[in-house]
>>> print(open('coords_30.txt').read())   # compact mmCIF, C-alpha atoms
# COMPACT_ATOMS: atom_id res chain seq x y z
CA MET P 1 8.39 -19.71 12.74
CA ALA P 2 5.10 -21.43 13.57
CA ARG P 3 3.15 -23.23 10.88
CA LEU P 4 -0.02 -21.80 9.39
CA TYR P 5 -2.46 -24.69 9.60
CA MET P 6 -5.63 -25.27 7.61
CA ASN P 7 -7.92 -23.62 10.15
CA TYR P 8 -7.62 -20.55 7.91
CA ASP P 9 -10.31 -20.32 5.26
CA THR P 10 -9.94 -16.66 4.28
CA VAL P 11 -7.05 -14.65 2.81
CA ILE P 12 -7.04 -10.84 2.73
CA PHE P 13 -4.44 -9.40 0.36
CA ASP P 14 -2.86 -5.99 0.03
CA LEU P 15 -2.65 -4.95 -3.65
CA ASP P 16 0.35 -2.75 -4.55
CA GLY P 17 3.63 -4.56 -4.00
CA THR P 18 1.82 -7.76 -2.98
CA LEU P 19 -0.30 -8.89 -5.92
CA LEU P 20 0.58 -6.23 -8.49
CA ASP P 21 3.80 -4.44 -9.40
CA THR P 22 2.31 -0.97 -9.82
CA LEU P 23 5.41 1.08 -9.03
CA LYS P 24 6.25 2.42 -12.51
CA ASP P 25 2.69 3.57 -13.19
CA LEU P 26 2.44 5.22 -9.77
CA ASP P 27 5.77 6.96 -10.34
CA ALA P 28 4.67 8.18 -13.77
CA ALA P 29 1.46 9.63 -12.32
CA VAL P 30 3.31 11.34 -9.47
CA ASN P 31 5.79 12.96 -11.82
CA TYR P 32 3.11 13.99 -14.29
CA ALA P 33 1.26 15.85 -11.53
CA LEU P 34 4.47 17.42 -10.22
CA ALA P 35 5.51 18.55 -13.70
CA GLU P 36 2.09 20.12 -14.32
CA ALA P 37 2.64 22.19 -11.17
CA GLY P 38 6.22 23.11 -12.06
CA LEU P 39 7.63 21.09 -9.15
CA PRO P 40 10.77 18.91 -9.21
CA ALA P 41 10.42 15.23 -10.04
CA VAL P 42 10.91 12.37 -7.60
CA THR P 43 12.90 9.24 -8.34
CA LEU P 44 11.46 5.76 -8.70
CA GLU P 45 13.09 4.79 -5.40
CA GLN P 46 11.50 7.78 -3.65
CA THR P 47 8.11 6.72 -4.97
CA ARG P 48 8.79 3.20 -3.66
CA GLU P 49 9.56 4.67 -0.23
CA TYR P 50 6.53 6.97 -0.19
CA VAL P 51 3.78 4.48 -1.15
CA GLY P 52 1.73 2.52 1.36
CA ASN P 53 -0.44 5.07 3.14
CA GLY P 54 -2.72 6.12 0.30
CA VAL P 55 -2.30 8.49 -2.62
CA ARG P 56 -2.81 11.63 -0.56
CA ASN P 57 0.16 10.73 1.61
CA LEU P 58 2.12 9.72 -1.48
CA MET P 59 1.69 13.20 -2.94
CA LEU P 60 2.28 14.95 0.39
CA ARG P 61 5.60 13.16 0.73
CA SER P 62 6.49 13.82 -2.90
CA ILE P 63 5.88 17.57 -2.59
CA TYR P 64 6.76 18.45 1.00
CA GLY P 65 9.01 15.54 1.97
CA PRO P 66 8.53 12.64 4.38
CA GLU P 67 9.79 14.60 7.40
CA PHE P 68 7.09 17.26 6.87
CA VAL P 69 4.45 14.53 6.92
CA LYS P 70 5.87 13.06 10.14
CA VAL P 71 5.72 16.43 11.87
CA PHE P 72 2.68 18.19 10.39
CA LYS P 73 0.74 15.23 8.91
CA ASP P 74 -1.02 17.16 6.15
CA ILE P 75 -0.89 20.57 4.46
CA ALA P 76 -4.63 20.75 5.16
CA TYR P 77 -3.79 21.22 8.85
CA VAL P 78 -1.40 24.12 8.23
CA ALA P 79 -2.88 27.59 8.72
CA ALA P 80 -2.00 29.95 5.87
CA ASP P 81 -0.91 32.69 8.27
CA SER P 82 1.61 30.35 9.94
CA ILE P 83 3.69 30.08 6.75
CA THR P 84 6.72 32.37 6.85
CA THR P 85 9.64 33.22 4.55
CA ALA P 86 13.26 32.32 5.26
CA ASP P 87 16.15 32.69 2.82
CA GLY P 88 13.64 33.54 0.12
CA LYS P 89 11.64 30.33 0.65
CA ARG P 90 8.11 29.99 1.99
CA GLY P 91 7.86 27.47 4.77
CA LEU P 92 7.03 26.43 8.27
CA ALA P 93 9.22 26.02 11.35
CA ASP P 94 8.59 23.30 13.91
CA GLY P 95 9.22 23.49 17.65
CA GLU P 96 12.80 22.31 17.21
CA GLY P 97 13.74 25.12 14.85
CA ARG P 98 13.68 23.03 11.66
CA PHE P 99 12.38 24.81 8.57
CA PHE P 100 10.17 22.94 6.11
CA GLU P 101 9.70 24.47 2.68
CA ILE P 102 6.09 24.86 1.52
CA PRO P 103 6.34 25.09 -2.29
CA VAL P 104 2.54 25.14 -2.75
CA GLY P 105 -0.41 25.94 -0.49
CA ARG P 106 -3.33 23.67 0.29
CA ASP P 107 -5.50 24.74 -2.67
CA ASP P 108 -2.70 24.07 -5.15
CA PHE P 109 -2.00 20.77 -3.42
CA GLU P 110 -5.60 19.64 -3.90
CA LYS P 111 -5.33 20.44 -7.61
CA ILE P 112 -2.07 18.47 -7.89
CA LEU P 113 -3.69 15.53 -6.11
CA ALA P 114 -6.64 15.68 -8.52
CA ASP P 115 -4.20 15.73 -11.46
CA PHE P 116 -2.52 12.63 -10.06
CA ARG P 117 -5.81 10.78 -9.63
CA ARG P 118 -6.98 11.66 -13.15
CA TYR P 119 -3.71 10.69 -14.81
CA TYR P 120 -3.36 7.48 -12.84
CA SER P 121 -6.93 6.45 -13.56
CA GLU P 122 -6.19 6.79 -17.28
CA HIS P 123 -2.71 5.17 -17.22
CA SER P 124 -2.82 2.55 -14.47
CA LEU P 125 -2.33 -0.37 -16.87
CA VAL P 126 0.69 0.84 -18.85
CA ASN P 127 3.36 -1.08 -16.91
CA THR P 128 1.38 -2.71 -14.09
CA LYS P 129 1.31 -6.49 -13.97
CA PRO P 130 0.92 -9.30 -11.42
CA TYR P 131 4.07 -10.64 -9.83
CA GLU P 132 5.10 -14.01 -11.23
CA GLY P 133 3.04 -16.76 -9.60
CA VAL P 134 0.30 -14.49 -8.26
CA GLU P 135 -2.36 -15.57 -10.76
CA ARG P 136 -1.68 -19.24 -9.97
CA LEU P 137 -1.82 -18.41 -6.26
CA ILE P 138 -5.24 -16.74 -6.53
CA SER P 139 -6.62 -19.56 -8.68
CA GLY P 140 -5.21 -22.18 -6.32
CA LEU P 141 -6.72 -20.55 -3.25
CA LEU P 142 -10.14 -20.26 -4.84
CA ASP P 143 -10.00 -23.80 -6.19
CA GLU P 144 -9.28 -25.09 -2.69
CA GLY P 145 -12.23 -23.20 -1.20
CA PHE P 146 -10.54 -20.20 0.37
CA ALA P 147 -12.40 -16.89 0.41
CA VAL P 148 -10.20 -14.14 -1.05
CA ALA P 149 -10.43 -10.35 -0.83
CA VAL P 150 -8.21 -7.36 -1.59
CA VAL P 151 -7.81 -4.39 0.76
CA SER P 152 -5.73 -1.40 -0.37
CA ASN P 153 -5.09 2.22 0.60
CA LYS P 154 -5.23 3.08 -3.10
CA PHE P 155 -8.42 4.99 -3.95
CA ASP P 156 -11.41 2.70 -4.24
CA ALA P 157 -12.17 3.15 -7.95
CA ALA P 158 -8.61 2.23 -8.93
CA VAL P 159 -8.61 -0.83 -6.64
CA LYS P 160 -11.83 -2.12 -8.14
CA ASP P 161 -10.70 -1.41 -11.73
CA LEU P 162 -7.34 -3.17 -11.28
CA CYS P 163 -8.87 -6.18 -9.55
CA ALA P 164 -11.58 -6.47 -12.21
CA HIS P 165 -8.91 -6.39 -14.91
CA PHE P 166 -6.34 -8.77 -13.40
CA PHE P 167 -8.35 -10.86 -10.93
CA PRO P 168 -11.99 -10.89 -12.05
CA GLN P 169 -12.64 -13.99 -9.94
CA VAL P 170 -11.96 -11.95 -6.77
CA LYS P 171 -15.31 -10.33 -6.00
CA VAL P 172 -14.45 -8.33 -2.86
CA ALA P 173 -12.04 -5.42 -3.33
CA VAL P 174 -11.99 -2.54 -0.85
CA GLY P 175 -10.06 0.68 -1.50
CA GLN P 176 -9.79 4.00 0.29
CA GLN P 177 -13.16 5.67 0.81
CA GLU P 178 -14.23 8.69 2.82
CA ASN P 179 -16.44 6.69 5.17
CA ILE P 180 -13.90 3.96 5.98
CA ALA P 181 -10.67 4.63 7.87
CA LYS P 182 -7.64 3.57 5.85
CA LYS P 183 -5.02 1.05 6.88
CA PRO P 184 -3.45 0.50 9.39
CA ALA P 185 -6.86 0.97 11.01
CA PRO P 186 -8.81 -2.31 10.87
CA ASP P 187 -11.91 -0.79 9.25
CA MET P 188 -11.17 -1.77 5.65
CA VAL P 189 -10.34 -5.33 6.68
CA ASN P 190 -13.57 -5.42 8.70
CA GLU P 191 -15.51 -4.31 5.62
CA ALA P 192 -13.90 -7.01 3.48
CA LEU P 193 -14.75 -9.67 6.07
CA ARG P 194 -18.32 -8.37 6.23
CA GLN P 195 -18.70 -8.63 2.47
CA LEU P 196 -17.18 -12.12 2.46
CA GLY P 197 -19.32 -13.27 5.38
CA ARG P 198 -16.23 -14.62 7.17
CA SER P 199 -14.77 -14.10 10.65
CA ARG P 200 -11.35 -12.69 11.52
CA GLY P 201 -10.52 -15.81 13.52
CA SER P 202 -10.28 -17.85 10.32
CA ALA P 203 -8.58 -15.16 8.23
CA VAL P 204 -4.94 -14.34 7.50
CA TYR P 205 -3.60 -11.08 6.06
CA VAL P 206 -0.92 -10.86 3.33
CA GLY P 207 1.07 -7.71 2.54
CA ASP P 208 4.46 -6.26 1.66
CA SER P 209 4.88 -3.29 4.00
CA GLU P 210 5.06 -2.08 7.58
CA VAL P 211 1.55 -0.69 7.12
CA ASP P 212 0.32 -4.22 6.39
CA ILE P 213 2.02 -5.62 9.50
CA GLN P 214 0.34 -2.92 11.58
CA THR P 215 -3.00 -3.50 9.84
CA ALA P 216 -2.93 -7.21 10.62
CA ALA P 217 -2.06 -6.51 14.26
CA ASN P 218 -4.85 -3.94 14.57
CA SER P 219 -7.24 -6.44 12.97
CA ASP P 220 -6.15 -9.19 15.40
CA MET P 221 -4.97 -11.32 12.48
CA ARG P 222 -1.79 -13.13 11.53
CA CYS P 223 0.31 -11.42 8.83
CA ILE P 224 2.28 -13.08 6.03
CA SER P 225 4.90 -10.63 4.76
CA CYS P 226 6.05 -10.69 1.12
CA ALA P 227 9.75 -10.14 0.40
CA TRP P 228 9.22 -9.34 -3.31
CA GLY P 229 7.31 -6.07 -2.89
CA PHE P 230 8.03 -2.41 -2.15
CA ARG P 231 9.94 -3.05 1.10
CA ASP P 232 12.99 -5.27 1.49
CA GLU P 233 13.27 -8.21 3.86
CA ASP P 234 15.42 -6.45 6.46
CA PHE P 235 13.00 -3.54 6.64
CA LEU P 236 10.06 -5.92 7.13
CA LEU P 237 11.85 -7.90 9.84
CA ASN P 238 12.74 -4.67 11.64
CA SER P 239 9.07 -3.69 11.36
CA GLY P 240 7.94 -6.83 13.16
CA ALA P 241 7.43 -9.38 10.39
CA ASP P 242 7.45 -12.94 11.74
CA THR P 243 6.18 -14.95 8.75
CA MET P 244 8.08 -14.22 5.53
CA VAL P 245 7.50 -15.61 2.05
CA TYR P 246 9.76 -15.25 -0.97
CA LYS P 247 7.49 -16.19 -3.84
CA PRO P 248 3.67 -16.13 -4.13
CA LEU P 249 3.14 -19.88 -4.21
CA ASP P 250 4.87 -20.14 -0.81
CA ILE P 251 1.61 -18.77 0.57
CA LEU P 252 -0.37 -21.69 -0.75
CA ASP P 253 2.17 -24.08 0.76
CA LEU P 254 1.92 -22.35 4.14
CA LEU P 255 -1.86 -22.47 4.17
CA ARG P 256 -1.75 -26.16 3.29
CA GLY P 257 0.70 -26.71 6.15
CA GLU P 258 3.23 -28.21 3.72
CA ASN P 259 6.07 -25.76 4.10
CA GLU P 260 7.66 -24.25 7.18
CA ARG P 261 9.91 -21.42 6.07
CA ASN P 262 11.86 -19.36 8.57
CA THR P 263 12.39 -15.64 8.26
CA ASP P 264 15.97 -16.23 7.08
CA GLY P 265 14.67 -18.11 4.02
CA THR P 266 15.65 -21.59 5.23
CA GLU P 267 13.30 -24.54 5.59
>>> encode(input="coords_30.txt", output="structure tokens")
Amino acid sequence: MARLYMNYDTVIFDLDGTLLDTLKDLDAAVNYALAEAGLPAVTLEQTREYVGNGVRNLMLRSIYGPEFVKVFKDIAYVAADSITTADGKRGLADGEGRFFEIPVGRDDFEKILADFRRYYSEHSLVNTKPYEGVERLISGLLDEGFAVAVVSNKFDAAVKDLCAHFFPQVKVAVGQQENIAKKPAPDMVNEALRQLGRSRGSAVYVGDSEVDIQTAANSDMRCISCAWGFRDEDFLLNSGADTMVYKPLDILDLLRGENERNTDGTE
């Protein structure tokens, strides 16, 4: 693995699974919204698998399943008259003859999503906390003159609230907004760089998921992948990770050029 030398002066972080362990609060909000709609709960591990592409996709996967999202993308794109009944269940068949159950239509889905957003906004700090070493990492980067920003597919208000609570010294936090394409598109990273007044050539991206690896590539930036987050090391390596860290302060070492850690964890 190549070293990350000191020509970097800017670090763009993902939030969930990278800086903050938000999984339990996300899972609680998902299952609250599902219960309100009379739908079956998901497990904590399912929530871990479904996060990364924004809360709308999180709820789509939780209600309709990840395969539905791969095939049809969004219930908003499904015409009401295309939904049929098979074996007493309402659903949709794809071109390969697979049947996907549609437990709720698009209007009910929008209400469930709103319930999730409301509940999560009110309960996002119950179990959420920074990963060990993250606060020292952020302080160390800022003390050494690095510009720092957070970019997340979580909705913008929640991103700003969480960053203000845990990392008030980080002034640029960009969440999902209607006028900015979400990750893995480069638009949110571009907005963070604009607000920081920095160029992509001197910036590195840090995240814990395949979405983050894709985002960095689409932003023409190097990606540091975190092994402590919502995806395991093997998954990240299979997704193209080439610079892996195992604890937050490894990032500071890499940016100082002091530590060369291979993707197998050896020096």
>>> axis_aligned_box(input="coords_30.txt", around="range 173-182 of chain P", padding_each_side="8 Å", output="JSON")
{"center_x": -12.0, "center_y": 1.6, "center_z": 2.3, "size_x": 24.8, "size_y": 30.1, "size_z": 27.2}
>>> closest_residue(input="coords_30.txt", among="P:Arg48, P:Lys73, P:Arg118, P:Arg136", to="Asp21 in chain P", atoms="only C-alpha atoms")
P:Arg48
>>> residues_around(input="coords_30.txt", residues="Leu137 in chain P", least_positions_apart="3", cutoff="8 Å", atoms="all atoms listed in the file", output="list in words")
Gly133, Val134, Gly140, Leu141, Pro248, Leu249, Ile251 and Leu252 of chain P
>>> closest_residue(input="coords_30.txt", among="P:Glu144, P:Glu135, P:Asp108, P:Glu178", to="Glu36 in chain P", atoms="only C-alpha atoms")
P:Asp108
>>> residues_around(input="coords_30.txt", residues="Glu191 in chain P", least_positions_apart="3", cutoff="10 Å", atoms="only C-alpha atoms", output="PyMOL selection string")
chain P and resi 151+172-174+180+186-188+194-197
>>> closest_residue(input="coords_30.txt", among="P:Ala37, P:Ala114, P:Leu44, P:Ala203", to="Phe146 in chain P", atoms="all atoms listed in the file")
P:Ala203
>>> closest_residue(input="coords_30.txt", among="P:Asn238, P:Val170, P:Glu101, P:Gly145", to="Leu255 in chain P", atoms="all atoms listed in the file")
P:Gly145
>>> closest_atom_pairs(input="coords_30.txt", of="range 16-118 of chain P", to="range 213-231 of chain P", cutoff="12 Å", atoms="only C-alpha atoms", output="tab-separated table")
residue	atom	partner	partner_atom	distance
P:Asp16	CA	P:Gly229	CA	7.9
P:Gly17	CA	P:Gly229	CA	4.1
P:Thr18	CA	P:Gly229	CA	5.7
P:Leu19	CA	P:Gly229	CA	8.7
P:Leu20	CA	P:Gly229	CA	8.8
P:Asp21	CA	P:Gly229	CA	7.6
P:Thr22	CA	P:Phe230	CA	9.7
P:Leu23	CA	P:Phe230	CA	8.1
P:Lys24	CA	P:Phe230	CA	11.6
P:Leu44	CA	P:Phe230	CA	11.0
P:Glu45	CA	P:Phe230	CA	9.4
P:Gln46	CA	P:Phe230	CA	10.9
P:Thr47	CA	P:Phe230	CA	9.6
P:Arg48	CA	P:Phe230	CA	5.9
P:Glu49	CA	P:Phe230	CA	7.5
P:Tyr50	CA	P:Phe230	CA	9.7
P:Val51	CA	P:Phe230	CA	8.2
P:Gly52	CA	P:Phe230	CA	8.7
P:Asn53	CA	P:Thr215	CA	11.2
>>> atom_distance(input="coords_30.txt", atom1="CA of Asp253 in chain P", atom2="CA of Ser202 in chain P")
16.9 Å
>>> closest_residue(input="coords_30.txt", among="P:Val148, P:Val30, P:Ala76, P:Leu92", to="Phe109 in chain P", atoms="all atoms listed in the file")
P:Ala76
>>> atom_distance(input="coords_30.txt", atom1="CA of Phe155 in chain P", atom2="CA of Val204 in chain P")
22.7 Å
>>> decode(input="coords_30.txt", residues="range 190-232 of chain P", atoms="C-alpha atoms", output="PDB file, in the first residue's frame")
ATOM      1  CA  ASN P 190     -17.919  19.060  -4.277  1.00  0.00           C
ATOM      2  CA  GLU P 191     -20.185  21.150  -2.049  1.00  0.00           C
ATOM      3  CA  ALA P 192     -18.051  20.423   1.013  1.00  0.00           C
ATOM      4  CA  LEU P 193     -14.884  21.405  -0.859  1.00  0.00           C
ATOM      5  CA  ARG P 194     -16.588  24.591  -2.053  1.00  0.00           C
ATOM      6  CA  GLN P 195     -17.537  25.540   1.496  1.00  0.00           C
ATOM      7  CA  LEU P 196     -14.033  24.747   2.744  1.00  0.00           C
ATOM      8  CA  GLY P 197     -12.383  26.644  -0.100  1.00  0.00           C
ATOM      9  CA  ARG P 198     -10.114  23.663  -0.832  1.00  0.00           C
ATOM     10  CA  SER P 199      -9.332  21.659  -3.978  1.00  0.00           C
ATOM     11  CA  ARG P 200      -9.895  17.946  -4.533  1.00  0.00           C
ATOM     12  CA  GLY P 201      -6.226  17.476  -5.402  1.00  0.00           C
ATOM     13  CA  SER P 202      -5.241  18.086  -1.788  1.00  0.00           C
ATOM     14  CA  ALA P 203      -8.158  16.200  -0.223  1.00  0.00           C
ATOM     15  CA  VAL P 204      -8.609  12.605   0.936  1.00  0.00           C
ATOM     16  CA  TYR P 205     -11.921  10.863   1.659  1.00  0.00           C
ATOM     17  CA  VAL P 206     -12.553   8.601   4.679  1.00  0.00           C
ATOM     18  CA  GLY P 207     -15.471   6.158   4.946  1.00  0.00           C
ATOM     19  CA  ASP P 208     -16.600   2.708   6.028  1.00  0.00           C
ATOM     20  CA  SER P 209     -18.625   1.385   3.085  1.00  0.00           C
ATOM     21  CA  GLU P 210     -18.656   0.482  -0.585  1.00  0.00           C
ATOM     22  CA  VAL P 211     -20.617   3.680  -1.196  1.00  0.00           C
ATOM     23  CA  ASP P 212     -17.698   5.661   0.217  1.00  0.00           C
ATOM     24  CA  ILE P 213     -15.183   3.856  -2.007  1.00  0.00           C
ATOM     25  CA  GLN P 214     -17.353   4.669  -5.026  1.00  0.00           C
ATOM     26  CA  THR P 215     -17.819   8.263  -3.867  1.00  0.00           C
ATOM     27  CA  ALA P 216     -14.085   8.820  -3.577  1.00  0.00           C
ATOM     28  CA  ALA P 217     -13.509   7.330  -7.028  1.00  0.00           C
ATOM     29  CA  ASN P 218     -16.250   9.486  -8.551  1.00  0.00           C
ATOM     30  CA  SER P 219     -14.727  12.522  -6.819  1.00  0.00           C
ATOM     31  CA  ASP P 220     -11.240  11.669  -8.152  1.00  0.00           C
ATOM     32  CA  MET P 221      -9.951  11.351  -4.592  1.00  0.00           C
ATOM     33  CA  ARG P 222      -8.061   8.748  -2.589  1.00  0.00           C
ATOM     34  CA  CYS P 223     -10.182   6.754  -0.118  1.00  0.00           C
ATOM     35  CA  ILE P 224      -9.173   5.557   3.351  1.00  0.00           C
ATOM     36  CA  SER P 225     -11.483   2.706   4.378  1.00  0.00           C
ATOM     37  CA  CYS P 226     -12.353   2.112   8.056  1.00  0.00           C
ATOM     38  CA  ALA P 227     -12.546  -1.485   9.281  1.00  0.00           C
ATOM     39  CA  TRP P 228     -14.501  -0.616  12.465  1.00  0.00           C
ATOM     40  CA  GLY P 229     -17.737   0.538  10.804  1.00  0.00           C
ATOM     41  CA  PHE P 230     -20.846  -0.986   9.249  1.00  0.00           C
ATOM     42  CA  ARG P 231     -18.985  -3.161   6.718  1.00  0.00           C
ATOM     43  CA  ASP P 232     -16.326  -5.737   7.541  1.00  0.00           C
TER      44      ASP P 232
END
